[in-house]
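Enquirer: Contents of target38.cif (mmCIF, C-alpha atoms and all ligand atoms; chains and numbers go by the auth columns) are below:
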data_entry
loop_
_atom_site.group_PDB
_atom_site.id
_atom_site.type_symbol
_atom_site.label_atom_id
_atom_site.label_comp_id
_atom_site.label_asym_id
_atom_site.label_seq_id
_atom_site.Cartn_x
_atom_site.Cartn_y
_atom_site.Cartn_z
_atom_site.B_iso_or_equiv
_atom_site.auth_seq_id
_atom_site.auth_asym_id
ATOM 1 C CA MET A 1 -40.707 11.862 22.913 0.00 29 I
ATOM 2 C CA ARG A 2 -38.314 9.513 24.681 0.00 30 I
ATOM 3 C CA ASP A 3 -36.194 9.326 21.506 0.00 31 I
ATOM 4 C CA ALA A 4 -35.933 13.092 21.129 0.00 32 I
ATOM 5 C CA ALA A 5 -32.418 14.457 21.390 0.00 33 I
ATOM 6 C CA CYS A 6 -33.730 17.638 23.000 0.00 34 I
ATOM 7 C CA VAL A 7 -34.823 15.825 26.154 0.00 35 I
ATOM 8 C CA GLY A 8 -32.692 17.295 28.895 0.00 36 I
ATOM 9 C CA GLU A 9 -31.666 20.327 26.826 0.00 37 I
ATOM 10 C CA ASP A 10 -32.654 23.836 27.879 0.00 38 I
ATOM 11 C CA PRO A 11 -35.963 24.465 26.022 0.00 39 I
ATOM 12 C CA GLU A 12 -34.928 28.100 25.525 0.00 40 I
ATOM 13 C CA LEU A 13 -32.247 26.882 23.132 0.00 41 I
ATOM 14 C CA PHE A 14 -34.980 26.065 20.610 0.00 42 I
ATOM 15 C CA PHE A 15 -36.639 29.478 20.825 0.00 43 I
ATOM 16 C CA PRO A 16 -33.965 32.000 19.856 0.00 44 I
ATOM 17 C CA LEU A 17 -34.821 35.688 19.892 0.00 45 I
ATOM 18 C CA ILE A 18 -33.331 36.037 16.422 0.00 46 I
ATOM 19 C CA GLU A 19 -34.433 33.084 14.369 0.00 47 I
ATOM 20 C CA ARG A 20 -32.493 33.064 11.145 0.00 48 I
ATOM 21 C CA ASP A 21 -29.674 31.229 9.421 0.00 49 I
ATOM 22 C CA GLY A 22 -26.245 32.068 10.747 0.00 50 I
ATOM 23 C CA GLU A 23 -27.335 32.896 14.286 0.00 51 I
ATOM 24 C CA PRO A 24 -25.224 30.933 16.801 0.00 52 I
ATOM 25 C CA GLN A 25 -28.203 29.830 18.874 0.00 53 I
ATOM 26 C CA VAL A 26 -30.006 28.563 15.783 0.00 54 I
ATOM 27 C CA ALA A 27 -26.897 26.594 14.836 0.00 55 I
ATOM 28 C CA ARG A 28 -26.673 25.054 18.312 0.00 56 I
ATOM 29 C CA ALA A 29 -30.322 24.041 18.268 0.00 57 I
ATOM 30 C CA ARG A 30 -29.951 22.527 14.814 0.00 58 I
ATOM 31 C CA ALA A 31 -26.903 20.588 15.961 0.00 59 I
ATOM 32 C CA VAL A 32 -29.066 18.928 18.598 0.00 60 I
ATOM 33 C CA CYS A 33 -31.814 18.219 16.064 0.00 61 I
ATOM 34 C CA ARG A 34 -29.388 16.698 13.590 0.00 62 I
ATOM 35 C CA ARG A 35 -28.489 13.967 16.033 0.00 63 I
ATOM 36 C CA CYS A 36 -32.134 13.329 16.837 0.00 64 I
ATOM 37 C CA ARG A 37 -33.696 9.999 15.902 0.00 65 I
ATOM 38 C CA VAL A 38 -37.124 11.586 15.396 0.00 66 I
ATOM 39 C CA LEU A 39 -36.041 14.606 13.338 0.00 67 I
ATOM 40 C CA LEU A 40 -38.257 13.877 10.340 0.00 68 I
ATOM 41 C CA ALA A 41 -41.319 13.092 12.440 0.00 69 I
ATOM 42 C CA CYS A 42 -40.760 16.277 14.433 0.00 70 I
ATOM 43 C CA ARG A 43 -40.361 18.379 11.298 0.00 71 I
ATOM 44 C CA ARG A 44 -43.413 16.849 9.695 0.00 72 I
ATOM 45 C CA TRP A 45 -45.498 17.569 12.783 0.00 73 I
ATOM 46 C CA ALA A 46 -44.294 21.170 12.979 0.00 74 I
ATOM 47 C CA VAL A 47 -45.034 21.817 9.297 0.00 75 I
ATOM 48 C CA GLU A 48 -48.433 20.181 9.394 0.00 76 I
ATOM 49 C CA GLN A 49 -49.437 21.953 12.598 0.00 77 I
ATOM 50 C CA GLY A 50 -48.299 25.344 11.378 0.00 78 I
ATOM 51 C CA GLU A 51 -45.858 25.697 14.244 0.00 79 I
ATOM 52 C CA ASP A 52 -44.639 29.233 13.679 0.00 80 I
ATOM 53 C CA VAL A 53 -42.099 29.800 16.437 0.00 81 I
ATOM 54 C CA GLY A 54 -38.880 28.044 17.294 0.00 82 I
ATOM 55 C CA ILE A 55 -36.588 25.416 15.868 0.00 83 I
ATOM 56 C CA TRP A 56 -38.343 22.140 15.140 0.00 84 I
ATOM 57 C CA GLY A 57 -36.785 19.319 13.155 0.00 85 I
ATOM 58 C CA ALA A 58 -33.752 21.523 12.445 0.00 86 I
ATOM 59 C CA THR A 59 -35.892 24.110 10.639 0.00 87 I
ATOM 60 C CA THR A 60 -36.685 27.717 11.413 0.00 88 I
ATOM 61 C CA ALA A 61 -40.220 29.075 11.243 0.00 89 I
ATOM 62 C CA ALA A 62 -39.367 30.774 7.937 0.00 90 I
ATOM 63 C CA GLN A 63 -38.200 27.482 6.462 0.00 91 I
ATOM 64 C CA ARG A 64 -41.375 25.758 7.595 0.00 92 I
ATOM 65 C CA ARG A 65 -43.500 28.521 6.068 0.00 93 I
ATOM 66 C CA ALA A 66 -41.634 28.021 2.796 0.00 94 I
ATOM 67 C CA LEU A 67 -42.204 24.274 3.029 0.00 95 I
ATOM 68 C CA ARG A 68 -45.910 24.804 3.631 0.00 96 I
ATOM 69 C CA ARG A 69 -46.177 27.129 0.657 0.00 97 I
ATOM 70 C CA GLU A 70 -44.285 24.659 -1.518 0.00 98 I
ATOM 71 C CA LEU A 71 -46.269 21.650 -0.377 0.00 99 I
ATOM 72 C CA PHE A 72 -49.715 23.087 0.084 0.00 100 I
ATOM 73 C CA GLY A 73 -49.693 26.394 -1.771 0.00 101 I
ATOM 74 C CA GLY A 74 -51.548 29.488 -0.645 0.00 102 I
ATOM 75 C CA PRO A 75 -51.003 31.181 2.685 0.00 103 I
ATOM 76 C CA ALA A 76 -48.603 29.631 5.133 0.00 104 I
ATOM 77 C CA GLY A 77 -51.188 28.996 7.815 0.00 105 I
ATOM 78 C CA ARG A 78 -52.212 25.767 9.423 0.00 106 I
ATOM 79 C CA THR A 79 -52.889 22.746 7.274 0.00 107 I
ATOM 80 C CA THR A 80 -55.146 19.810 7.839 0.00 108 I
ATOM 81 C CA GLY A 81 -55.800 16.497 6.248 0.00 109 I
ATOM 82 C CA ARG A 82 -52.618 16.328 4.243 0.00 110 I
ATOM 83 C CA THR A 83 -49.287 14.864 5.060 0.00 111 I
ATOM 84 C CA VAL A 84 -45.823 16.201 4.566 0.00 112 I
ATOM 85 C CA ASP A 85 -43.077 14.268 2.902 0.00 113 I
ATOM 86 C CA ALA A 86 -40.244 15.926 4.814 0.00 114 I
ATOM 87 C CA ARG A 87 -37.501 15.722 2.264 0.00 115 I
ATOM 88 C CA ARG A 88 -35.362 18.620 3.331 0.00 116 I
ATOM 89 C CA GLU A 89 -32.628 18.909 5.881 0.00 117 I
HETATM 90 S S1 LIG B . -35.834 17.247 15.898 0.00 201 I
HETATM 91 FE FE1 LIG B . -37.526 17.866 17.257 0.00 201 I
HETATM 92 S S2 LIG B . -37.580 16.292 18.831 0.00 201 I
HETATM 93 FE FE2 LIG B . -35.593 16.171 17.826 0.00 201 I
HETATM 94 S S3 LIG B . -34.192 17.453 18.989 0.00 201 I
HETATM 95 FE FE3 LIG B . -35.045 18.744 17.377 0.00 201 I
HETATM 96 S S4 LIG B . -36.844 19.734 18.301 0.00 201 I
HETATM 97 FE FE4 LIG B . -36.286 17.971 19.631 0.00 201 I
#
Written as structure tokens, how would this file's structure read?
Expert:
Amino acid sequence: MRDAACVGEDPELFFPLIERDGEPQVARARAVCRRCRVLLACRRWAVEQGEDVGIWGATTAAQRRALRRELFGGPAGRTTGRTVDARRE
């Protein structure tokens, strides 16, 4: 947590009302994530936990659902017992 670039940022930045590519707030949140030293660990956690709201590891919920489908198949719900090789940016 101490290495997270979002420490000190407004948490609302990471929970935009409209969460899709091209939205200015999404772009600002991603800009913070992209300078974060724990981006991949954060993304991996969010994918594995089925975090379905907000920007985590520079990804939207829709991107994480796609990652879960690609990595684990089936419905995009929570996953357990498997790890994510977070290869995407
Ligand atoms: S990658 Fe995760 S920990 Fe880092 S700034 Fe983004 S939301 Fe915060």
Enquirer: Name the residues, by chain letter and number, that sit within 6 Å of ligand LIG 201 (chain I) using only C-alpha atoms and all ligand atoms, and give them as a PyMOL selection string.
Expert: chain I and resi 32-34+60-61+64+66-67+70+84-86
Enquirer: List, as an NGL selection string, every residue that the PyMOL selection byres (((chain I and resi 88) around 12) and not hetatm) selects in the file provided.
Expert: :I and (42-51 or 53-55 or 57-58 or 61 or 71 or 74-75 or 78-87 or 89-95 or 117)
Enquirer: Just the number, please: distance in Å from atom CA of Glu98 of chain I to atom CA of Met29 of chain I, one decimal.
Expert: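 Value for the atom CA of Glu98 of chain I-atom CA of Met29 of chain I distance: 27.8 Å.
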Enquirer: Just to confirm, what's the straight-line distance from atom CA of Trp73 of chain I to atom CA of Glu37 of chain I in Å (one decimal)?
Expert: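 If I compute the distance from atom CA of Trp73 of chain I to atom CA of Glu37 of chain I, I get 19.9 Å.
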Enquirer: Just to confirm, what's the straight-line distance from atom CA of Arg63 of chain I to atom CA of Glu40 of chain I in Å (one decimal)?
Expert: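 Going from atom CA of Arg63 of chain I over to atom CA of Glu40 of chain I covers 18.2 Å.
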Enquirer: Given 8 Å on each side, where is the centre and what are the edge lengths in Å to one decimal of the axis-aligned box enclosing the listed atoms of segment 41-58 of chain I, as JSON?
Expert:
{"center_x": -30.9, "center_y": 29.3, "center_z": 16.3, "size_x": 27.4, "size_y": 29.5, "size_z": 29.7}
Enquirer: Pick the closest to Asp31 of chain I from I:Arg96, I:Arg65, I:Gln77, I:Arg72: which is it, counting only C-alpha atoms?
Expert: I:Arg65
Enquirer: Is it possible to dump chain I as a short mmCIF file (atom, residue, chain, number, x, y, z; two decimals), in the first residue's frame, including just C-alpha atoms?
Expert:
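The resulting out11.cif:
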data_model
loop_
_atom_site.label_atom_id
_atom_site.label_comp_id
_atom_site.auth_asym_id
_atom_site.auth_seq_id
_atom_site.Cartn_x
_atom_site.Cartn_y
_atom_site.Cartn_z
CA MET I 29 0.00 0.00 0.00
CA ARG I 30 2.75 2.47 0.83
CA ASP I 31 4.09 2.14 -2.74
CA ALA I 32 0.73 2.83 -4.35
CA ALA I 33 0.61 5.96 -6.47
CA CYS I 34 -3.01 6.54 -5.50
CA VAL I 35 -2.14 7.26 -1.87
CA GLY I 36 -3.16 10.85 -1.34
CA GLU I 37 -5.34 10.97 -4.46
CA ASP I 38 -9.09 11.52 -4.20
CA PRO I 39 -10.54 7.96 -4.07
CA GLU I 40 -13.50 9.15 -6.15
CA LEU I 41 -11.13 9.53 -9.09
CA PHE I 42 -10.95 5.73 -9.33
CA PHE I 43 -14.72 5.24 -9.34
CA PRO I 44 -16.02 7.19 -12.33
CA LEU I 45 -19.75 7.26 -12.99
CA ILE I 46 -19.09 6.37 -16.62
CA GLU I 47 -16.43 3.71 -16.71
CA ARG I 48 -15.30 3.24 -20.27
CA ASP I 49 -12.40 4.02 -22.56
CA GLY I 50 -12.20 7.63 -23.63
CA GLU I 51 -13.83 9.09 -20.54
CA PRO I 52 -11.63 11.87 -19.09
CA GLN I 53 -11.91 10.62 -15.52
CA VAL I 54 -10.91 7.11 -16.57
CA ALA I 55 -7.90 8.56 -18.37
CA ARG I 56 -6.87 10.55 -15.29
CA ALA I 57 -7.16 7.51 -13.04
CA ARG I 58 -5.15 5.41 -15.47
CA ALA I 59 -2.47 8.09 -15.60
CA VAL I 60 -2.02 7.71 -11.86
CA CYS I 61 -1.94 3.91 -12.14
CA ARG I 62 0.64 3.99 -14.90
CA ARG I 63 3.14 5.64 -12.62
CA CYS I 64 2.39 3.20 -9.83
CA ARG I 65 5.09 0.79 -8.68
CA VAL I 66 2.51 -1.86 -7.72
CA LEU I 67 0.36 -1.69 -10.86
CA LEU I 68 0.70 -5.36 -11.78
CA ALA I 69 0.10 -6.60 -8.25
CA CYS I 70 -2.95 -4.35 -7.99
CA ARG I 71 -4.34 -5.54 -11.31
CA ARG I 72 -3.73 -9.16 -10.44
CA TRP I 73 -5.54 -8.76 -7.13
CA ALA I 74 -8.50 -7.02 -8.75
CA VAL I 75 -8.85 -9.70 -11.44
CA GLU I 76 -8.49 -12.58 -9.02
CA GLN I 77 -10.93 -11.07 -6.53
CA GLY I 78 -13.53 -10.28 -9.15
CA GLU I 79 -13.42 -6.59 -8.34
CA ASP I 80 -16.22 -5.32 -10.54
CA VAL I 81 -16.26 -1.58 -9.93
CA GLY I 82 -13.66 1.09 -10.44
CA ILE I 83 -10.23 1.49 -11.97
CA TRP I 84 -7.68 -0.93 -10.57
CA GLY I 85 -4.25 -1.48 -12.08
CA ALA I 86 -5.18 0.85 -14.96
CA THR I 87 -8.06 -1.40 -16.03
CA THR I 88 -11.79 -0.85 -16.12
CA ALA I 89 -14.23 -3.42 -14.78
CA ALA I 90 -15.07 -4.45 -18.36
CA GLN I 91 -11.40 -5.07 -19.11
CA ARG I 92 -11.04 -7.16 -15.97
CA ARG I 93 -14.12 -9.20 -16.89
CA ALA I 94 -12.56 -9.84 -20.30
CA LEU I 95 -9.30 -10.86 -18.63
CA ARG I 96 -11.14 -13.25 -16.33
CA ARG I 97 -12.98 -14.82 -19.24
CA GLU I 98 -9.74 -15.15 -21.19
CA LEU I 99 -7.77 -16.56 -18.29
CA PHE I 100 -10.35 -18.66 -16.52
CA GLY I 101 -13.16 -19.14 -19.02
CA GLY I 102 -16.82 -19.30 -18.11
CA PRO I 103 -18.67 -16.53 -16.33
CA ALA I 104 -16.75 -13.49 -15.22
CA GLY I 105 -17.41 -13.97 -11.53
CA ARG I 106 -14.98 -14.40 -8.71
CA THR I 107 -12.10 -16.81 -9.08
CA THR I 108 -10.21 -18.77 -6.50
CA GLY I 109 -7.14 -20.87 -6.36
CA ARG I 110 -5.62 -19.67 -9.59
CA THR I 111 -3.24 -16.89 -10.28
CA VAL I 112 -3.24 -14.26 -12.95
CA ASP I 113 -0.27 -13.52 -15.13
CA ALA I 114 -1.12 -9.86 -15.68
CA ARG I 115 0.35 -9.33 -19.09
CA ARG I 116 -1.76 -6.48 -20.31
CA GLU I 117 -1.45 -2.77 -19.88
#
